[in-house]
Amino acid sequence: MWRMFGTLILEAAYEATLLAAVLNARRGASNTVLLTRLGGGAFGNEDEWIDNAMRRALNKVQTVDLDVRLVSFGAPEVPMLETVAMFC
């Protein structure tokens with residue numbers, strides 16, 4: 001049950017953030033968007049859920065000219081580096 005709920009929230013959060021960046025860029029403002037891993041520690045979201053949700057959202061906007069920057073507290077972990085290699 002928590003997996004479905006957590007995944008839904010993560011997907012919605014990443015998608016909404018990136019779509020807001022698309023709207024911002026289209027109106028002539030900045031096209032830069034900062035993404036970080038959501039709720040991995042505080043809310044107990046599994047790393048796999050976070051990575052999949054972030055990649056799903058990035059995939060939806062990959063044809064848009066966004067300057068996506070992934071930020072992390074401390075050194076980035078391997079899945080985040082893989083996401084950078086795929087999309088950034």
# chains A, B, ... in the order shown; residues from 1 in each chain; ligands from 1
call {"tool": "select_by_dssp", "arguments": {"residues": "chain A", "states": "helix (DSSP H, G or I)", "output": "MDAnalysis selection string"}}
result
chainID A and resid 2:26 47:60 78:87
call {"tool": "write_last_selection", "arguments": {"atoms": "N, CA and C atoms", "output": "compact mmCIF listing (two decimals), in the first residue's frame"}}
result
# COMPACT_ATOMS: atom_id res chain seq x y z
N TRP A 2 1.89 1.31 0.86
CA TRP A 2 2.73 2.51 0.94
C TRP A 2 3.52 2.73 -0.34
N ARG A 3 3.90 1.63 -1.00
CA ARG A 3 4.65 1.76 -2.24
C ARG A 3 3.82 2.52 -3.28
N MET A 4 2.56 2.13 -3.44
CA MET A 4 1.70 2.79 -4.43
C MET A 4 1.50 4.26 -4.09
N PHE A 5 1.25 4.53 -2.83
CA PHE A 5 1.01 5.91 -2.40
C PHE A 5 2.28 6.75 -2.54
N GLY A 6 3.39 6.23 -2.05
CA GLY A 6 4.66 6.95 -2.14
C GLY A 6 5.07 7.22 -3.57
N THR A 7 4.92 6.22 -4.42
CA THR A 7 5.27 6.36 -5.84
C THR A 7 4.40 7.42 -6.51
N LEU A 8 3.12 7.40 -6.22
CA LEU A 8 2.20 8.39 -6.78
C LEU A 8 2.60 9.82 -6.39
N ILE A 9 2.90 10.01 -5.13
CA ILE A 9 3.29 11.34 -4.64
C ILE A 9 4.59 11.79 -5.29
N LEU A 10 5.57 10.90 -5.36
CA LEU A 10 6.85 11.25 -5.97
C LEU A 10 6.69 11.60 -7.45
N GLU A 11 5.94 10.78 -8.17
CA GLU A 11 5.73 11.05 -9.60
C GLU A 11 5.06 12.40 -9.79
N ALA A 12 4.05 12.68 -8.98
CA ALA A 12 3.33 13.95 -9.10
C ALA A 12 4.24 15.13 -8.76
N ALA A 13 5.06 14.99 -7.75
CA ALA A 13 5.93 16.09 -7.34
C ALA A 13 6.97 16.41 -8.41
N TYR A 14 7.62 15.39 -8.94
CA TYR A 14 8.63 15.63 -9.98
C TYR A 14 8.00 16.14 -11.27
N GLU A 15 6.88 15.55 -11.65
CA GLU A 15 6.22 15.99 -12.88
C GLU A 15 5.74 17.44 -12.76
N ALA A 16 5.13 17.78 -11.64
CA ALA A 16 4.65 19.15 -11.45
C ALA A 16 5.80 20.15 -11.46
N THR A 17 6.89 19.79 -10.84
CA THR A 17 8.06 20.69 -10.82
C THR A 17 8.58 20.94 -12.22
N LEU A 18 8.73 19.87 -13.00
CA LEU A 18 9.26 20.02 -14.35
C LEU A 18 8.28 20.72 -15.28
N LEU A 19 7.00 20.46 -15.13
CA LEU A 19 6.02 21.15 -15.98
C LEU A 19 5.92 22.63 -15.62
N ALA A 20 6.10 22.96 -14.35
CA ALA A 20 6.16 24.37 -13.96
C ALA A 20 7.37 25.04 -14.60
N ALA A 21 8.47 24.32 -14.68
CA ALA A 21 9.68 24.86 -15.33
C ALA A 21 9.44 25.07 -16.82
N VAL A 22 8.70 24.16 -17.45
CA VAL A 22 8.37 24.31 -18.87
C VAL A 22 7.55 25.58 -19.07
N LEU A 23 6.52 25.78 -18.25
CA LEU A 23 5.70 26.99 -18.36
C LEU A 23 6.54 28.24 -18.12
N ASN A 24 7.40 28.18 -17.15
CA ASN A 24 8.27 29.31 -16.84
C ASN A 24 9.15 29.66 -18.04
N ALA A 25 9.74 28.65 -18.65
CA ALA A 25 10.62 28.87 -19.80
C ALA A 25 9.84 29.41 -21.00
N ARG A 26 8.63 28.90 -21.21
CA ARG A 26 7.84 29.34 -22.36
C ARG A 26 7.36 30.78 -22.25
N ASP A 47 14.83 4.28 -2.43
CA ASP A 47 15.65 4.88 -3.48
C ASP A 47 15.10 4.58 -4.87
N GLU A 48 14.66 3.35 -5.07
CA GLU A 48 14.12 2.95 -6.37
C GLU A 48 12.90 3.78 -6.75
N TRP A 49 12.02 4.07 -5.80
CA TRP A 49 10.84 4.88 -6.07
C TRP A 49 11.25 6.27 -6.52
N ILE A 50 12.21 6.84 -5.79
CA ILE A 50 12.67 8.20 -6.09
C ILE A 50 13.29 8.25 -7.48
N ASP A 51 14.21 7.33 -7.74
CA ASP A 51 14.90 7.31 -9.04
C ASP A 51 13.93 7.12 -10.19
N ASN A 52 13.01 6.18 -10.04
CA ASN A 52 12.04 5.92 -11.11
C ASN A 52 11.12 7.12 -11.35
N ALA A 53 10.68 7.76 -10.28
CA ALA A 53 9.79 8.92 -10.42
C ALA A 53 10.52 10.08 -11.09
N MET A 54 11.76 10.31 -10.69
CA MET A 54 12.52 11.41 -11.28
C MET A 54 12.76 11.14 -12.77
N ARG A 55 13.14 9.92 -13.10
CA ARG A 55 13.42 9.57 -14.50
C ARG A 55 12.15 9.61 -15.34
N ARG A 56 11.04 9.19 -14.77
CA ARG A 56 9.76 9.23 -15.49
C ARG A 56 9.42 10.67 -15.87
N ALA A 57 9.56 11.58 -14.92
CA ALA A 57 9.25 12.99 -15.18
C ALA A 57 10.23 13.60 -16.16
N LEU A 58 11.51 13.30 -16.02
CA LEU A 58 12.51 13.82 -16.95
C LEU A 58 12.25 13.33 -18.36
N ASN A 59 11.82 12.10 -18.48
CA ASN A 59 11.51 11.53 -19.79
C ASN A 59 10.38 12.30 -20.46
N LYS A 60 9.40 12.74 -19.69
CA LYS A 60 8.25 13.47 -20.24
C LYS A 60 8.62 14.83 -20.81
N VAL A 78 25.28 6.65 -6.80
CA VAL A 78 25.35 6.09 -8.15
C VAL A 78 24.06 6.28 -8.94
N PRO A 79 22.87 6.00 -8.39
CA PRO A 79 21.65 6.19 -9.18
C PRO A 79 21.47 7.63 -9.68
N MET A 80 21.87 8.60 -8.87
CA MET A 80 21.75 9.99 -9.31
C MET A 80 22.74 10.27 -10.44
N LEU A 81 23.93 9.73 -10.34
CA LEU A 81 24.92 9.89 -11.41
C LEU A 81 24.43 9.23 -12.70
N GLU A 82 23.75 8.10 -12.57
CA GLU A 82 23.18 7.44 -13.75
C GLU A 82 22.09 8.29 -14.37
N THR A 83 21.28 8.92 -13.55
CA THR A 83 20.23 9.81 -14.06
C THR A 83 20.85 10.99 -14.80
N VAL A 84 21.91 11.54 -14.25
CA VAL A 84 22.62 12.63 -14.92
C VAL A 84 23.12 12.16 -16.28
N ALA A 85 23.70 10.99 -16.34
CA ALA A 85 24.22 10.46 -17.60
C ALA A 85 23.10 10.26 -18.62
N MET A 86 21.91 9.92 -18.16
CA MET A 86 20.79 9.66 -19.08
C MET A 86 20.14 10.94 -19.59
N PHE A 87 20.02 11.96 -18.73
CA PHE A 87 19.18 13.10 -19.07
C PHE A 87 19.86 14.46 -19.08
call {"tool": "residues_around", "arguments": {"residues": "region 28-45 of chain A", "least_positions_apart": "4", "cutoff": "6 Å", "atoms": "only C-alpha atoms", "output": "ChimeraX atom specification"}}
result
/A:24,66-72
call {"tool": "write_last_selection", "arguments": {"atoms": "N, CA and C atoms", "output": "CSV table (one decimal), in the first residue's frame"}}
result
chain,number,residue,atom,x,y,z
A,24,ASN,N,7.4,28.2,-17.1
A,24,ASN,CA,8.3,29.3,-16.8
A,24,ASN,C,9.2,29.7,-18.0
A,66,LEU,N,15.2,22.6,-21.3
A,66,LEU,CA,15.3,22.9,-19.9
A,66,LEU,C,16.8,22.7,-19.4
A,67,ASP,N,17.2,23.5,-18.5
A,67,ASP,CA,18.5,23.3,-17.9
A,67,ASP,C,18.3,22.7,-16.6
A,68,VAL,N,18.3,21.3,-16.6
A,68,VAL,CA,18.0,20.6,-15.4
A,68,VAL,C,19.3,20.3,-14.6
A,69,ARG,N,19.2,20.7,-13.3
A,69,ARG,CA,20.4,20.4,-12.5
A,69,ARG,C,20.0,19.6,-11.3
A,70,LEU,N,20.6,18.5,-11.1
A,70,LEU,CA,20.4,17.6,-10.0
A,70,LEU,C,21.3,18.0,-8.8
A,71,VAL,N,20.7,18.3,-7.7
A,71,VAL,CA,21.5,18.7,-6.5
A,71,VAL,C,21.3,17.7,-5.4
A,72,SER,N,22.3,17.5,-4.6
A,72,SER,CA,22.2,16.6,-3.5
A,72,SER,C,23.0,17.1,-2.3
call {"tool": "select_by_dssp", "arguments": {"residues": "region 1-59 of chain A", "states": "strand (DSSP E or B)", "output": "VMD selection string"}}
result
chain A and resid 32 to 35
call {"tool": "decode", "arguments": {"residues": "region 40-83 of chain A", "atoms": "N, CA and C atoms", "output": "mmCIF file, in the first residue's frame"}}
result
data_model
loop_
_atom_site.group_PDB
_atom_site.id
_atom_site.type_symbol
_atom_site.label_atom_id
_atom_site.label_comp_id
_atom_site.auth_asym_id
_atom_site.auth_seq_id
_atom_site.Cartn_x
_atom_site.Cartn_y
_atom_site.Cartn_z
ATOM 1 N N GLY A 40 13.834 10.689 0.836
ATOM 2 C CA GLY A 40 14.575 9.446 1.028
ATOM 3 C C GLY A 40 14.872 9.158 2.485
ATOM 4 N N GLY A 41 15.100 10.188 3.251
ATOM 5 C CA GLY A 41 15.405 9.995 4.661
ATOM 6 C C GLY A 41 14.201 10.263 5.539
ATOM 7 N N ALA A 42 13.682 11.458 5.445
ATOM 8 C CA ALA A 42 12.618 11.900 6.344
ATOM 9 C C ALA A 42 11.329 11.098 6.198
ATOM 10 N N PHE A 43 10.973 10.746 4.967
ATOM 11 C CA PHE A 43 9.698 10.070 4.738
ATOM 12 C C PHE A 43 9.843 8.593 4.421
ATOM 13 N N GLY A 44 11.067 8.118 4.319
ATOM 14 C CA GLY A 44 11.292 6.693 4.100
ATOM 15 C C GLY A 44 10.990 6.201 2.700
ATOM 16 N N ASN A 45 11.003 7.106 1.722
ATOM 17 C CA ASN A 45 10.801 6.657 0.340
ATOM 18 C C ASN A 45 11.988 5.806 -0.098
ATOM 19 N N GLU A 46 11.706 4.713 -0.752
ATOM 20 C CA GLU A 46 12.763 3.832 -1.253
ATOM 21 C C GLU A 46 13.528 4.539 -2.363
ATOM 22 N N ASP A 47 14.826 4.284 -2.429
ATOM 23 C CA ASP A 47 15.651 4.885 -3.482
ATOM 24 C C ASP A 47 15.099 4.577 -4.867
ATOM 25 N N GLU A 48 14.662 3.355 -5.069
ATOM 26 C CA GLU A 48 14.118 2.946 -6.373
ATOM 27 C C GLU A 48 12.898 3.784 -6.752
ATOM 28 N N TRP A 49 12.025 4.065 -5.797
ATOM 29 C CA TRP A 49 10.837 4.878 -6.070
ATOM 30 C C TRP A 49 11.253 6.272 -6.516
ATOM 31 N N ILE A 50 12.209 6.843 -5.793
ATOM 32 C CA ILE A 50 12.667 8.201 -6.094
ATOM 33 C C ILE A 50 13.294 8.254 -7.481
ATOM 34 N N ASP A 51 14.209 7.326 -7.741
ATOM 35 C CA ASP A 51 14.903 7.311 -9.036
ATOM 36 C C ASP A 51 13.926 7.119 -10.189
ATOM 37 N N ASN A 52 13.008 6.182 -10.043
ATOM 38 C CA ASN A 52 12.042 5.923 -11.114
ATOM 39 C C ASN A 52 11.125 7.118 -11.351
ATOM 40 N N ALA A 53 10.681 7.757 -10.282
ATOM 41 C CA ALA A 53 9.792 8.918 -10.424
ATOM 42 C C ALA A 53 10.516 10.084 -11.090
ATOM 43 N N MET A 54 11.755 10.315 -10.687
ATOM 44 C CA MET A 54 12.524 11.406 -11.278
ATOM 45 C C MET A 54 12.763 11.137 -12.766
ATOM 46 N N ARG A 55 13.143 9.919 -13.099
ATOM 47 C CA ARG A 55 13.417 9.569 -14.499
ATOM 48 C C ARG A 55 12.152 9.610 -15.343
ATOM 49 N N ARG A 56 11.039 9.192 -14.768
ATOM 50 C CA ARG A 56 9.761 9.233 -15.491
ATOM 51 C C ARG A 56 9.419 10.673 -15.867
ATOM 52 N N ALA A 57 9.556 11.579 -14.919
ATOM 53 C CA ALA A 57 9.245 12.987 -15.175
ATOM 54 C C ALA A 57 10.233 13.601 -16.163
ATOM 55 N N LEU A 58 11.508 13.297 -16.015
ATOM 56 C CA LEU A 58 12.513 13.821 -16.946
ATOM 57 C C LEU A 58 12.250 13.330 -18.364
ATOM 58 N N ASN A 59 11.823 12.096 -18.476
ATOM 59 C CA ASN A 59 11.512 11.530 -19.788
ATOM 60 C C ASN A 59 10.377 12.296 -20.463
ATOM 61 N N LYS A 60 9.398 12.742 -19.688
ATOM 62 C CA LYS A 60 8.247 13.468 -20.244
ATOM 63 C C LYS A 60 8.617 14.826 -20.815
ATOM 64 N N VAL A 61 9.689 15.437 -20.323
ATOM 65 C CA VAL A 61 10.053 16.784 -20.775
ATOM 66 C C VAL A 61 11.391 16.817 -21.509
ATOM 67 N N GLN A 62 11.877 15.670 -21.913
ATOM 68 C CA GLN A 62 13.224 15.631 -22.495
ATOM 69 C C GLN A 62 13.348 16.384 -23.813
ATOM 70 N N THR A 63 12.243 16.663 -24.489
ATOM 71 C CA THR A 63 12.324 17.413 -25.750
ATOM 72 C C THR A 63 12.260 18.926 -25.538
ATOM 73 N N VAL A 64 12.046 19.339 -24.305
ATOM 74 C CA VAL A 64 11.960 20.761 -23.978
ATOM 75 C C VAL A 64 13.348 21.253 -23.563
ATOM 76 N N ASP A 65 13.668 22.483 -23.954
ATOM 77 C CA ASP A 65 14.975 23.056 -23.630
ATOM 78 C C ASP A 65 15.010 23.538 -22.180
ATOM 79 N N LEU A 66 15.184 22.584 -21.276
ATOM 80 C CA LEU A 66 15.316 22.913 -19.859
ATOM 81 C C LEU A 66 16.758 22.679 -19.424
ATOM 82 N N ASP A 67 17.216 23.505 -18.524
ATOM 83 C CA ASP A 67 18.531 23.337 -17.912
ATOM 84 C C ASP A 67 18.298 22.675 -16.561
ATOM 85 N N VAL A 68 18.259 21.347 -16.563
ATOM 86 C CA VAL A 68 17.957 20.587 -15.354
ATOM 87 C C VAL A 68 19.255 20.335 -14.594
ATOM 88 N N ARG A 69 19.218 20.663 -13.324
ATOM 89 C CA ARG A 69 20.383 20.442 -12.466
ATOM 90 C C ARG A 69 19.956 19.599 -11.274
ATOM 91 N N LEU A 70 20.636 18.498 -11.100
ATOM 92 C CA LEU A 70 20.356 17.628 -9.969
ATOM 93 C C LEU A 70 21.275 18.023 -8.824
ATOM 94 N N VAL A 71 20.685 18.253 -7.683
ATOM 95 C CA VAL A 71 21.458 18.670 -6.516
ATOM 96 C C VAL A 71 21.284 17.650 -5.399
ATOM 97 N N SER A 72 22.327 17.517 -4.580
ATOM 98 C CA SER A 72 22.244 16.553 -3.488
ATOM 99 C C SER A 72 22.989 17.078 -2.271
ATOM 100 N N PHE A 73 22.616 16.563 -1.142
ATOM 101 C CA PHE A 73 23.302 16.863 0.103
ATOM 102 C C PHE A 73 24.465 15.887 0.188
ATOM 103 N N GLY A 74 25.664 16.390 0.074
ATOM 104 C CA GLY A 74 26.830 15.505 0.067
ATOM 105 C C GLY A 74 27.086 14.969 -1.327
ATOM 106 N N ALA A 75 27.916 13.973 -1.394
ATOM 107 C CA ALA A 75 28.282 13.379 -2.685
ATOM 108 C C ALA A 75 27.085 12.629 -3.265
ATOM 109 N N PRO A 76 26.839 12.788 -4.567
ATOM 110 C CA PRO A 76 25.712 12.072 -5.183
ATOM 111 C C PRO A 76 25.969 10.570 -5.225
ATOM 112 N N GLU A 77 24.898 9.817 -5.064
ATOM 113 C CA GLU A 77 25.002 8.361 -5.119
ATOM 114 C C GLU A 77 24.930 7.900 -6.568
ATOM 115 N N VAL A 78 25.278 6.649 -6.801
ATOM 116 C CA VAL A 78 25.350 6.089 -8.155
ATOM 117 C C VAL A 78 24.055 6.275 -8.942
ATOM 118 N N PRO A 79 22.872 6.002 -8.385
ATOM 119 C CA PRO A 79 21.652 6.191 -9.182
ATOM 120 C C PRO A 79 21.472 7.626 -9.679
ATOM 121 N N MET A 80 21.870 8.602 -8.867
ATOM 122 C CA MET A 80 21.750 9.988 -9.308
ATOM 123 C C MET A 80 22.739 10.267 -10.436
ATOM 124 N N LEU A 81 23.933 9.731 -10.340
ATOM 125 C CA LEU A 81 24.917 9.892 -11.411
ATOM 126 C C LEU A 81 24.429 9.234 -12.700
ATOM 127 N N GLU A 82 23.753 8.103 -12.570
ATOM 128 C CA GLU A 82 23.185 7.436 -13.747
ATOM 129 C C GLU A 82 22.085 8.290 -14.372
ATOM 130 N N THR A 83 21.278 8.923 -13.550
ATOM 131 C CA THR A 83 20.232 9.812 -14.059
ATOM 132 C C THR A 83 20.852 10.988 -14.795
#
